[in-house]
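File shown here: protein36.cif, holding mmCIF, C-alpha atoms.
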```cif
data_data
#
loop_
_atom_site.label_atom_id
_atom_site.label_comp_id
_atom_site.auth_asym_id
_atom_site.auth_seq_id
_atom_site.Cartn_x
_atom_site.Cartn_y
_atom_site.Cartn_z
CA MET A 1 0.00 0.00 0.00
CA SER A 2 1.42 3.37 -0.92
CA ALA A 3 2.10 5.95 1.75
CA GLY A 4 -0.79 8.33 2.32
CA ALA A 5 -3.39 5.99 0.80
CA PRO A 6 -6.71 6.24 2.58
CA SER A 7 -7.23 3.47 5.05
CA ALA A 8 -10.37 1.36 4.92
CA PRO A 9 -13.16 2.80 7.04
CA VAL A 10 -13.53 1.13 10.38
CA PRO A 11 -17.12 0.00 10.80
CA SER A 12 -18.62 1.64 13.83
CA ALA A 13 -20.36 -0.46 16.44
CA PRO A 14 -24.13 -0.57 15.93
CA THR A 15 -25.96 1.77 18.26
CA LEU A 16 -28.61 -0.03 20.24
CA PRO A 17 -31.84 1.75 21.00
CA ALA A 18 -32.32 3.06 24.53
CA ILE A 19 -35.57 3.17 26.48
CA TYR A 20 -36.70 6.14 28.57
CA GLU A 21 -39.62 7.23 30.67
CA ALA A 22 -41.79 9.55 28.59
CA THR A 23 -44.27 12.29 29.30
CA ARG A 24 -46.18 14.42 26.86
CA ALA A 25 -45.88 18.17 26.67
CA LYS A 26 -48.92 20.30 25.91
CA ASP A 27 -47.60 20.97 22.39
CA GLY A 28 -47.60 17.25 21.59
CA ALA A 29 -43.86 16.70 22.05
CA VAL A 30 -42.68 13.57 23.81
CA LEU A 31 -40.35 14.43 26.70
CA ARG A 32 -37.59 11.94 27.46
CA GLY A 33 -36.98 11.21 31.16
CA VAL A 34 -34.74 8.72 32.95
CA GLU A 35 -33.39 5.68 31.14
CA LEU A 36 -35.15 2.36 31.81
CA THR A 37 -34.33 -1.28 31.40
CA GLN A 38 -36.70 -3.26 29.20
CA ALA A 39 -38.28 -4.86 32.29
CA GLU A 40 -38.77 -1.45 33.91
CA ALA A 41 -40.35 -0.18 30.71
CA VAL A 42 -42.86 -3.04 30.68
CA THR A 43 -43.72 -2.37 34.32
CA ARG A 44 -44.24 1.32 33.57
CA ARG A 45 -46.46 0.52 30.59
CA LYS A 46 -48.52 -1.93 32.64
CA ALA A 47 -49.15 0.90 35.08
CA GLY A 48 -50.36 3.16 32.26
CA GLY A 49 -47.24 5.31 31.92
CA ASP A 50 -45.61 6.26 28.63
CA ILE A 51 -42.19 5.15 27.46
CA VAL A 52 -40.08 6.15 24.45
CA VAL A 53 -37.50 4.14 22.51
CA CYS A 54 -34.72 6.36 21.16
CA GLY A 55 -31.95 5.69 18.66
CA PRO A 56 -30.88 6.28 15.08
CA ASP A 57 -32.26 3.00 13.66
CA THR A 58 -36.00 3.33 13.01
CA PRO A 59 -36.76 -0.40 12.47
CA GLN A 60 -34.94 -1.32 15.70
CA ASN A 61 -36.87 1.37 17.59
CA VAL A 62 -40.20 0.19 16.16
CA GLN A 63 -39.48 -3.42 17.03
CA LEU A 64 -38.34 -2.74 20.61
CA ALA A 65 -41.35 -0.50 21.28
CA ARG A 66 -43.57 -3.28 19.92
CA VAL A 67 -42.00 -5.92 22.18
CA ILE A 68 -42.50 -3.70 25.24
CA GLU A 69 -46.11 -2.88 24.37
CA ALA A 70 -46.93 -6.54 23.63
CA ALA A 71 -45.44 -7.58 26.98
CA ALA A 72 -47.56 -4.97 28.75
CA ALA A 73 -50.62 -6.20 26.85
CA GLY A 74 -50.34 -9.73 28.22
CA GLY A 75 -51.70 -11.32 25.05
CA LYS A 76 -54.29 -8.67 24.22
CA PRO A 77 -54.11 -7.06 20.77
CA ILE A 78 -52.05 -3.91 20.26
CA LYS A 79 -52.06 -1.42 17.40
CA TYR A 80 -49.61 0.92 15.73
CA GLU A 81 -50.38 4.61 15.20
CA GLY A 82 -48.53 6.92 12.88
CA PRO A 83 -47.67 10.42 14.05
CA HIS A 84 -50.49 12.95 13.85
CA GLY A 85 -48.75 16.28 13.78
CA PRO A 86 -45.90 17.96 11.96
CA PRO A 87 -42.35 16.76 12.70
CA PRO A 88 -40.43 16.68 14.88
CA LEU A 89 -42.85 16.83 17.82
CA TRP A 90 -45.37 14.02 17.67
CA LEU A 91 -43.96 10.50 17.68
CA PRO A 92 -45.44 7.27 16.27
CA HIS A 93 -46.35 4.70 18.85
CA TRP A 94 -47.79 1.36 19.84
CA GLN A 95 -50.76 1.23 22.17
CA GLN A 96 -53.42 -1.14 23.41
CA ARG A 97 -56.35 -1.66 21.10
CA THR A 98 -58.60 -1.67 24.12
CA PRO A 99 -57.11 -0.03 27.21
CA PRO A 100 -56.26 -0.51 30.02
CA PRO A 101 -53.42 0.03 30.30
CA GLU A 102 -53.64 3.54 28.94
CA GLY A 103 -50.55 5.16 27.51
CA HIS A 104 -48.14 4.58 24.67
CA SER A 105 -44.85 3.01 23.67
CA PHE A 106 -43.45 5.83 21.54
CA HIS A 107 -40.40 5.54 19.32
CA GLU A 108 -38.09 7.89 17.47
CA THR A 109 -37.67 7.81 13.69
CA HIS A 110 -35.12 9.35 11.35
CA VAL A 111 -37.20 12.56 11.28
CA ARG A 112 -38.92 12.59 14.66
CA LYS A 113 -37.12 12.82 17.97
CA ALA A 114 -38.06 12.96 21.63
CA ARG A 115 -37.31 16.16 23.47
CA THR A 116 -34.93 16.04 26.41
CA MET A 117 -36.48 17.12 29.70
CA PRO A 118 -35.44 20.64 30.63
CA MET B 119 -60.75 11.28 4.13
CA LYS B 120 -58.31 12.43 1.51
CA TYR B 121 -55.04 12.26 3.44
CA PHE B 122 -55.43 9.89 6.43
CA THR B 123 -57.17 7.16 4.49
CA PRO B 124 -58.09 3.80 6.04
CA GLU B 125 -55.81 2.14 3.46
CA ARG B 126 -52.81 4.14 4.66
CA LEU B 127 -53.69 3.37 8.28
CA ALA B 128 -53.90 -0.33 7.44
CA ARG B 129 -50.51 -0.28 5.68
CA LEU B 130 -48.93 1.04 8.89
CA GLN B 131 -50.20 -2.05 10.72
CA ASP B 132 -48.38 -4.49 8.45
CA HIS B 133 -44.95 -5.17 9.96
CA SER B 134 -44.34 -8.45 8.15
CA ASP B 135 -41.95 -6.82 5.67
CA GLU B 136 -39.57 -4.19 7.06
CA ARG B 137 -39.05 -2.39 3.74
CA GLN B 138 -42.76 -2.16 3.04
CA PHE B 139 -43.44 -0.91 6.54
CA LEU B 140 -40.75 1.79 6.28
CA ALA B 141 -42.17 2.83 2.91
CA ALA B 142 -45.62 3.10 4.54
CA LEU B 143 -44.16 5.22 7.36
CA ASP B 144 -42.42 7.51 4.84
CA GLU B 145 -45.66 7.82 2.88
CA TRP B 146 -47.47 8.74 6.11
CA GLU B 147 -44.89 11.49 6.77
CA ARG B 148 -45.32 12.84 3.24
CA VAL B 149 -49.12 12.85 3.55
CA LEU B 150 -48.92 14.61 6.92
CA GLN B 151 -46.75 17.33 5.44
CA ASP B 152 -49.17 17.72 2.51
CA TYR B 153 -52.07 18.03 4.91
CA TRP B 154 -50.39 20.63 7.14
CA HIS B 155 -49.32 22.56 4.07
CA GLN B 156 -52.94 22.55 2.86
CA LEU B 157 -54.13 23.74 6.28
CA ASN B 158 -51.64 26.62 6.23
CA GLU B 159 -52.81 27.54 2.73
CA ILE B 160 -56.41 27.70 3.95
CA GLN B 161 -55.37 30.04 6.74
CA GLN B 162 -53.47 32.28 4.34
CA ARG B 163 -56.39 32.43 1.90
CA LEU B 164 -58.80 33.30 4.67
CA ARG B 165 -56.57 36.07 6.03
CA VAL B 166 -57.22 38.20 2.96
CA ILE B 167 -60.96 37.68 2.53
CA GLN B 168 -63.46 40.45 3.16
CA PRO B 169 -65.29 40.64 5.43
CA PRO B 170 -62.73 39.05 7.77
CA LEU B 171 -63.39 35.57 9.08
CA PRO B 172 -65.33 35.60 12.37
CA LYS B 173 -63.08 35.21 15.40
CA ARG B 174 -64.56 31.84 16.37
CA LEU B 175 -63.69 30.38 12.95
CA GLN B 176 -60.17 31.76 13.25
CA GLU B 177 -59.95 30.12 16.68
CA PHE B 178 -61.15 26.83 15.20
CA LEU B 179 -58.41 26.84 12.55
CA ILE B 180 -55.73 27.80 15.08
CA PHE B 181 -56.96 25.08 17.45
CA PHE B 182 -56.71 22.38 14.79
CA THR B 183 -53.26 23.48 13.68
CA THR B 184 -51.82 23.56 17.19
CA VAL B 185 -53.37 20.62 19.06
CA SER B 186 -54.20 17.05 18.24
CA LEU B 187 -57.39 15.38 19.38
CA HIS B 188 -55.98 11.97 18.47
CA ASP B 189 -57.14 9.34 20.99
CA ALA B 190 -59.53 11.79 22.69
CA ARG B 191 -62.51 9.90 24.13
CA ILE B 192 -65.79 10.85 22.52
CA LEU B 193 -68.25 11.40 25.34
CA ASP B 194 -71.15 12.37 23.09
CA MET B 195 -71.88 13.37 19.53
CA TYR B 196 -75.33 14.43 18.39
CA PHE B 197 -77.28 16.26 15.75
CA GLY B 198 -79.74 18.61 17.43
CA SER B 199 -82.44 20.99 16.41
CA ARG B 200 -82.03 23.07 13.29
CA SER B 201 -78.48 22.65 12.04
CA ARG B 202 -76.58 22.19 15.28
CA PHE B 203 -74.12 19.32 15.67
CA ARG B 204 -72.22 18.89 18.92
CA ILE B 205 -69.25 16.75 19.96
CA THR B 206 -67.92 16.49 23.51
CA LEU B 207 -64.42 15.10 23.87
CA HIS B 208 -62.12 14.23 26.71
CA PRO B 209 -58.69 14.90 25.21
CA GLU B 210 -55.45 13.16 26.09
CA PHE B 211 -53.65 16.50 26.06
CA GLN B 212 -54.82 18.85 28.84
CA PRO B 213 -57.23 16.23 30.24
CA GLU B 214 -58.34 18.63 32.98
CA SER B 215 -60.66 20.27 30.42
CA LEU B 216 -63.17 18.87 27.98
CA VAL B 217 -63.40 20.04 24.37
CA VAL B 218 -66.91 20.89 23.15
CA LEU B 219 -67.25 21.54 19.43
CA THR B 220 -70.56 23.01 18.25
CA TYR B 221 -71.00 23.19 14.50
CA HIS B 222 -73.67 25.00 12.51
CA LEU B 223 -74.07 22.69 9.57
CA ASP B 224 -74.92 23.58 6.02
CA GLU B 225 -76.28 20.09 5.30
CA PRO B 226 -77.05 16.97 7.38
CA PRO B 227 -73.99 15.12 8.70
CA GLN B 228 -72.66 12.30 6.53
CA ILE B 229 -71.94 9.14 8.50
CA GLN B 230 -70.15 6.33 6.74
CA ALA B 231 -69.84 3.01 8.60
CA ASN B 232 -67.22 0.24 8.38
CA VAL B 233 -64.46 2.29 6.79
CA LEU B 234 -61.72 0.73 8.96
CA PRO B 235 -60.38 -2.83 8.83
CA GLU B 236 -60.99 -5.06 11.85
CA GLN B 237 -57.46 -4.76 13.25
CA LEU B 238 -57.82 -1.00 13.60
CA LEU B 239 -61.11 -0.95 15.49
CA SER B 240 -60.96 -0.10 19.19
CA GLN B 241 -63.21 0.75 22.10
CA PRO B 242 -64.16 2.99 23.82
CA ILE B 243 -64.91 5.18 20.83
CA SER B 244 -62.17 7.71 20.33
CA TRP B 245 -61.06 10.29 17.78
CA LEU B 246 -58.45 8.88 15.41
CA TYR B 247 -57.69 11.39 12.66
CA ASP B 248 -59.42 14.40 11.17
CA GLU B 249 -59.10 16.68 8.17
CA VAL B 250 -60.32 20.24 7.71
CA THR B 251 -60.85 21.39 4.12
CA LEU B 252 -62.32 24.47 2.48
CA GLU B 253 -65.36 23.76 0.32
CA ASP B 254 -66.08 25.38 -2.99
CA ASN B 255 -68.77 27.91 -2.10
CA LYS B 256 -69.20 30.21 -5.10
CA SER B 257 -72.86 30.86 -4.42
CA ARG B 258 -72.20 32.54 -1.07
CA CYS B 259 -69.74 35.05 0.24
CA GLU B 260 -68.90 33.32 3.51
CA PRO B 261 -66.50 30.34 3.44
CA LEU B 262 -67.77 26.82 3.89
CA PHE B 263 -65.67 24.16 5.61
CA ARG B 264 -65.71 20.38 5.78
CA HIS B 265 -64.46 18.49 8.81
CA SER B 266 -63.93 14.76 8.23
CA ILE B 267 -63.44 12.76 11.41
CA LEU B 268 -62.39 9.13 11.63
CA LEU B 269 -63.64 7.33 14.74
CA SER B 270 -62.08 4.26 16.33
CA ASP B 271 -65.30 2.23 15.85
CA GLY B 272 -64.81 2.44 12.10
CA ARG B 273 -67.17 5.29 11.29
CA GLU B 274 -66.26 8.40 9.36
CA VAL B 275 -68.23 11.56 10.10
CA GLY B 276 -68.38 14.33 7.51
CA LEU B 277 -69.52 17.78 8.62
CA CYS B 278 -70.07 20.61 6.16
CA PHE B 279 -70.33 23.79 8.24
CA ARG B 280 -70.31 27.54 8.07
CA ASP B 281 -69.74 28.28 11.74
CA VAL B 282 -68.29 26.53 14.76
CA THR B 283 -67.47 27.29 18.37
CA ILE B 284 -64.95 25.62 20.67
CA GLU B 285 -65.43 25.54 24.43
CA ARG B 286 -63.09 24.10 27.07
CA PRO B 287 -65.29 23.48 30.14
CA THR B 288 -64.05 21.85 33.34
CA PRO B 289 -65.77 18.48 33.84
CA ILE B 290 -67.43 17.31 37.02
CA VAL B 291 -68.53 14.07 35.35
CA PRO B 292 -66.48 12.31 34.14
CA ALA B 293 -64.20 12.76 37.11
CA ILE B 294 -60.61 13.39 36.06
CA ALA B 295 -57.93 11.28 37.72
CA LYS B 296 -55.26 13.45 39.32
CA ASP B 297 -52.39 11.48 37.85
CA HIS B 298 -53.82 11.50 34.33
CA GLY B 299 -52.20 13.79 31.84
CA SER B 300 -49.38 16.01 30.92
CA PRO B 301 -46.68 17.27 33.24
#
```
Structure rendered as structure tokens:
Amino acid sequence: MSAGAPSAPVPSAPTLPAIYEATRAKDGAVLRGVELTQAEAVTRRKAGGDIVVCGPDTPQNVQLARVIEAAAAGGKPIKYEGPHGPPPLWLPHWQQRTPPPEGHSFHETHVRKARTMP
Amino acid sequence: MKYFTPERLARLQDHSDERQFLAALDEWERVLQDYWHQLNEIQQRLRVIQPPLPKRLQEFLIFFTTVSLHDARILDMYFGSRSRFRITLHPEFQPESLVVLTYHLDEPPQIQANVLPEQLLSQPISWLYDEVTLEDNKSRCEPLFRHSILLSDGREVGLCFRDVTIERPTPIVPAIAKDHGSP
């Protein structure tokens, strides 16, 4: 290899999605709180609280949010809802088809992000 | 519904193929942007009309461009005497207040049943998606609007109206749980 030739790019480690407590602001934004384990997220969802899955990989975020919501559902059907406001505030989410529990498993996408708590 | 069609909603439910699902999500984003662009255009057109739009209609347009009633519980919806149509909602955002919409219709409401596939139906009946459009109203000077509302029991309600009021009363019944709602 000649001197000064560009070296092959080093593949970066895949970034895993992270789960956080979520609350909703009055403008529709999803506010990201403390980080949760998957088990803690399921417990929070069973109690009717919101969670949000954050990360750069949309399919991974969707899938993890789905797993959490399905675990909270305990076998009951869940449904997916697209965002319903302009980006970047509202986030898509999974929720129970027939609550309880109330609440949502939100997730980030490549254009929609949760807001960090002030 | 022109933008948030049942077909698009159904495509978002299909997660069997990742590429197809992501395409459906991208399409949803594009449609949302088209809808919000259309809503802004309506507001701009109405800013220059004479006589100016009544304040309550301006408030209605501002309300539906700044808040979402998605998932709001529908407590009642009825067609009363003359042309009055009323909807009472318990919204997910600001749940300490109800939202009461009172329309003065230009024609009877149009109710279409079974527009949603089975996997999208849910109870109790809630507000899924809605679209506000401006109707062609060449025969009159005042603008005429259409509000299309998709309900979680699979019905679509179409309201053609010339006036509307929005109230935000504090409910006694239903009682509002203290831990329910926004921070």
Under the rule of at most 10 Å, produce a per-residue listing of chain A near chain B: chain, number, name, the closest pair of atoms, and the distance in Å, as a Markdown table, using all atoms listed in the file.
```
| residue | atom | partner | partner_atom | distance |
| --- | --- | --- | --- | --- |
| A:Thr23 | CA | B:Ser300 | CA | 6.5 |
| A:Arg24 | CA | B:Ser300 | CA | 5.4 |
| A:Ala25 | CA | B:Ser300 | CA | 5.9 |
| A:Lys26 | CA | B:Phe211 | CA | 6.1 |
| A:Asp27 | CA | B:Val185 | CA | 6.7 |
| A:Gly28 | CA | B:Val185 | CA | 7.1 |
| A:Leu31 | CA | B:Pro301 | CA | 9.5 |
| A:Gly48 | CA | B:His298 | CA | 9.3 |
| A:Gly49 | CA | B:His298 | CA | 9.3 |
| A:Thr58 | CA | B:Leu140 | CA | 8.4 |
| A:Pro59 | CA | B:Glu136 | CA | 7.2 |
| A:Val62 | CA | B:His133 | CA | 9.5 |
| A:Gln63 | CA | B:His133 | CA | 9.1 |
| A:Pro77 | CA | B:Gln237 | CA | 8.5 |
| A:Ile78 | CA | B:Gln237 | CA | 8.9 |
| A:Lys79 | CA | B:Leu238 | CA | 6.9 |
| A:Tyr80 | CA | B:Gln131 | CA | 5.9 |
| A:Glu81 | CA | B:Leu130 | CA | 7.4 |
| A:Gly82 | CA | B:Trp146 | CA | 7.1 |
| A:Pro83 | CA | B:Glu147 | CA | 7.9 |
| A:His84 | CA | B:Ser186 | CA | 7.1 |
| A:Gly85 | CA | B:Leu150 | CA | 7.1 |
| A:Pro86 | CA | B:Gln151 | CA | 6.6 |
| A:Pro87 | CA | B:Glu147 | CA | 8.3 |
| A:Trp90 | CA | B:Ser186 | CA | 9.4 |
| A:Pro92 | CA | B:Leu143 | CA | 9.2 |
| A:Gln96 | CA | B:Ser240 | CA | 8.7 |
| A:Arg97 | CA | B:Ser240 | CA | 5.2 |
| A:Thr98 | CA | B:Gln241 | CA | 5.6 |
| A:Pro99 | CA | B:Gln241 | CA | 8.0 |
| A:Glu102 | CA | B:His298 | CA | 9.6 |
| A:Gly103 | CA | B:Glu210 | CA | 9.5 |
| A:Thr109 | CA | B:Leu143 | CA | 9.4 |
| A:His110 | CA | B:Asp144 | CA | 10.0 |
| A:Val111 | CA | B:Glu147 | CA | 9.0 |
| A:Arg112 | CA | B:Glu147 | CA | 10.0 |
```
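The space between CA of Gly33 (chain A) and CA of Ser105 (chain A) spans 13.6 Å.
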message = Since I can't run it myself right now, could you work out what the PyMOL selection byres ((chain B and resi 281) around 8) selects here and report it as a PyMOL selection string?
response = chain B and resi 174-175+221-223+279-280+282-283
Take the residues from that selection and write them out as a tab-separated table (two decimals), in the frame of the given file, keeping C-alpha atoms.
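Final output, out-v7.tsv:
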```
chain	number	residue	atom	x	y	z
B	174	ARG	CA	-64.56	31.84	16.37
B	175	LEU	CA	-63.69	30.38	12.95
B	221	TYR	CA	-71.00	23.19	14.50
B	222	HIS	CA	-73.67	25.00	12.51
B	223	LEU	CA	-74.07	22.69	9.57
B	279	PHE	CA	-70.33	23.79	8.24
B	280	ARG	CA	-70.31	27.54	8.07
B	282	VAL	CA	-68.29	26.53	14.76
B	283	THR	CA	-67.47	27.29	18.37
```
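For the pair CA of Ile68 (chain A) and CA of Glu236 (chain B), the interatomic distance is 22.9 Å.
You will find CA of Pro88 (chain A) at 9.7 Å from CA of Val30 (chain A).
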Nearby residues (all atoms listed in the file) at most 8 Å from Glu249 (chain B), same-chain spacing under 3 positions excluded, as a list of chain:residue names = B:Met119, B:Lys120, B:Tyr121, B:Phe122, B:Tyr153, B:Arg264, B:His265, B:Ser266, B:Ile267
ask   = Using all atoms listed in the file, which residue out of A:Ala114, A:Leu64, A:Ala47, A:Ala70 lies closest to Ala22 (chain A)?
value =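 Using all atoms listed in the file, the shortest distance to Ala22 (chain A) belongs to A:Ala114.
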remark   = Min atom-atom distance to Asp189 (chain B) from the set A:Val52, A:Glu35, A:Asn61, A:His104, counting only C-alpha atoms, belongs to A:His104
task = Identify the residues within 6 Å of coordinate (-34.1, 8.0, 16.9) (same frame as the file), considering all atoms listed in the file, and give the answer as a list in words.
result = Cys54, Gly55, Pro56, Glu108, Thr109, His110 and Lys113 of chain A
inquiry  = Please list as a list in words every residue within 9 Å of Gln60 (chain A), counting only C-alpha atoms and excluding residues in the same chain fewer than 5 positions away.
reply    = Leu16, Pro17, Gly55 and Ala65 of chain A
ask   = Near Glu274 (chain B), within 9 Å and counting all atoms listed in the file, which residues show up once chain neighbours fewer than 4 positions away are dropped, as a list in words?
value =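 With the cut-off at 9 Å, the set is Met119, Gln228, Ile229, Gln230, Ala231, Asn232, Val233, Leu234, Ser266, Ile267, Leu268 and Leu269 of chain B.
When all atoms listed in the file are used to measure the gap to Tyr20 (chain A), the shortest distance among A:Arg115, A:Arg32, A:His107, A:Arg66 belongs to A:Arg32.
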request  = Translate the PyMOL selection byres ((chain B and resi 284) around 12), as applied to the file shown, into an explicit residue set as a list in words.
outcome  =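 Those residues are Lys173, Arg174, Leu175, Gln176, Glu177, Phe178, Leu179, Ile180, Phe181, Phe182, Arg204, Ile205, Thr206, Leu207, Ser215, Leu216, Val217, Val218, Leu219, Thr220, Tyr221, His222, Asp281, Val282, Thr283, Glu285, Arg286 and Pro287 of chain B.
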Using C-alpha atoms, can you export the residues from the last selection as a compact mmCIF listing (two decimals), keeping the file's coordinate frame?
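Here's the written file part-v3.txt:
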```txt
# COMPACT_ATOMS: atom_id res chain seq x y z
CA LYS B 173 -63.08 35.21 15.40
CA ARG B 174 -64.56 31.84 16.37
CA LEU B 175 -63.69 30.38 12.95
CA GLN B 176 -60.17 31.76 13.25
CA GLU B 177 -59.95 30.12 16.68
CA PHE B 178 -61.15 26.83 15.20
CA LEU B 179 -58.41 26.84 12.55
CA ILE B 180 -55.73 27.80 15.08
CA PHE B 181 -56.96 25.08 17.45
CA PHE B 182 -56.71 22.38 14.79
CA ARG B 204 -72.22 18.89 18.92
CA ILE B 205 -69.25 16.75 19.96
CA THR B 206 -67.92 16.49 23.51
CA LEU B 207 -64.42 15.10 23.87
CA SER B 215 -60.66 20.27 30.42
CA LEU B 216 -63.17 18.87 27.98
CA VAL B 217 -63.40 20.04 24.37
CA VAL B 218 -66.91 20.89 23.15
CA LEU B 219 -67.25 21.54 19.43
CA THR B 220 -70.56 23.01 18.25
CA TYR B 221 -71.00 23.19 14.50
CA HIS B 222 -73.67 25.00 12.51
CA ASP B 281 -69.74 28.28 11.74
CA VAL B 282 -68.29 26.53 14.76
CA THR B 283 -67.47 27.29 18.37
CA GLU B 285 -65.43 25.54 24.43
CA ARG B 286 -63.09 24.10 27.07
CA PRO B 287 -65.29 23.48 30.14
```
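Nearest residue to Ala18 (chain A), choosing from A:Val53, A:Leu89, A:Val67, A:Val34 and counting all atoms listed in the file: A:Val53.
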Expansion of the PyMOL selection byres ((chain B and resi 291) around 12) into residues, as a ChimeraX atom specification = /B:193,208,214-216,287-290,292-295
Closest of A:Ala73, A:Phe106, A:Leu91, A:Pro101 to Ala29 (chain A) - atom-to-atom distances counting all atoms listed in the file = A:Leu91
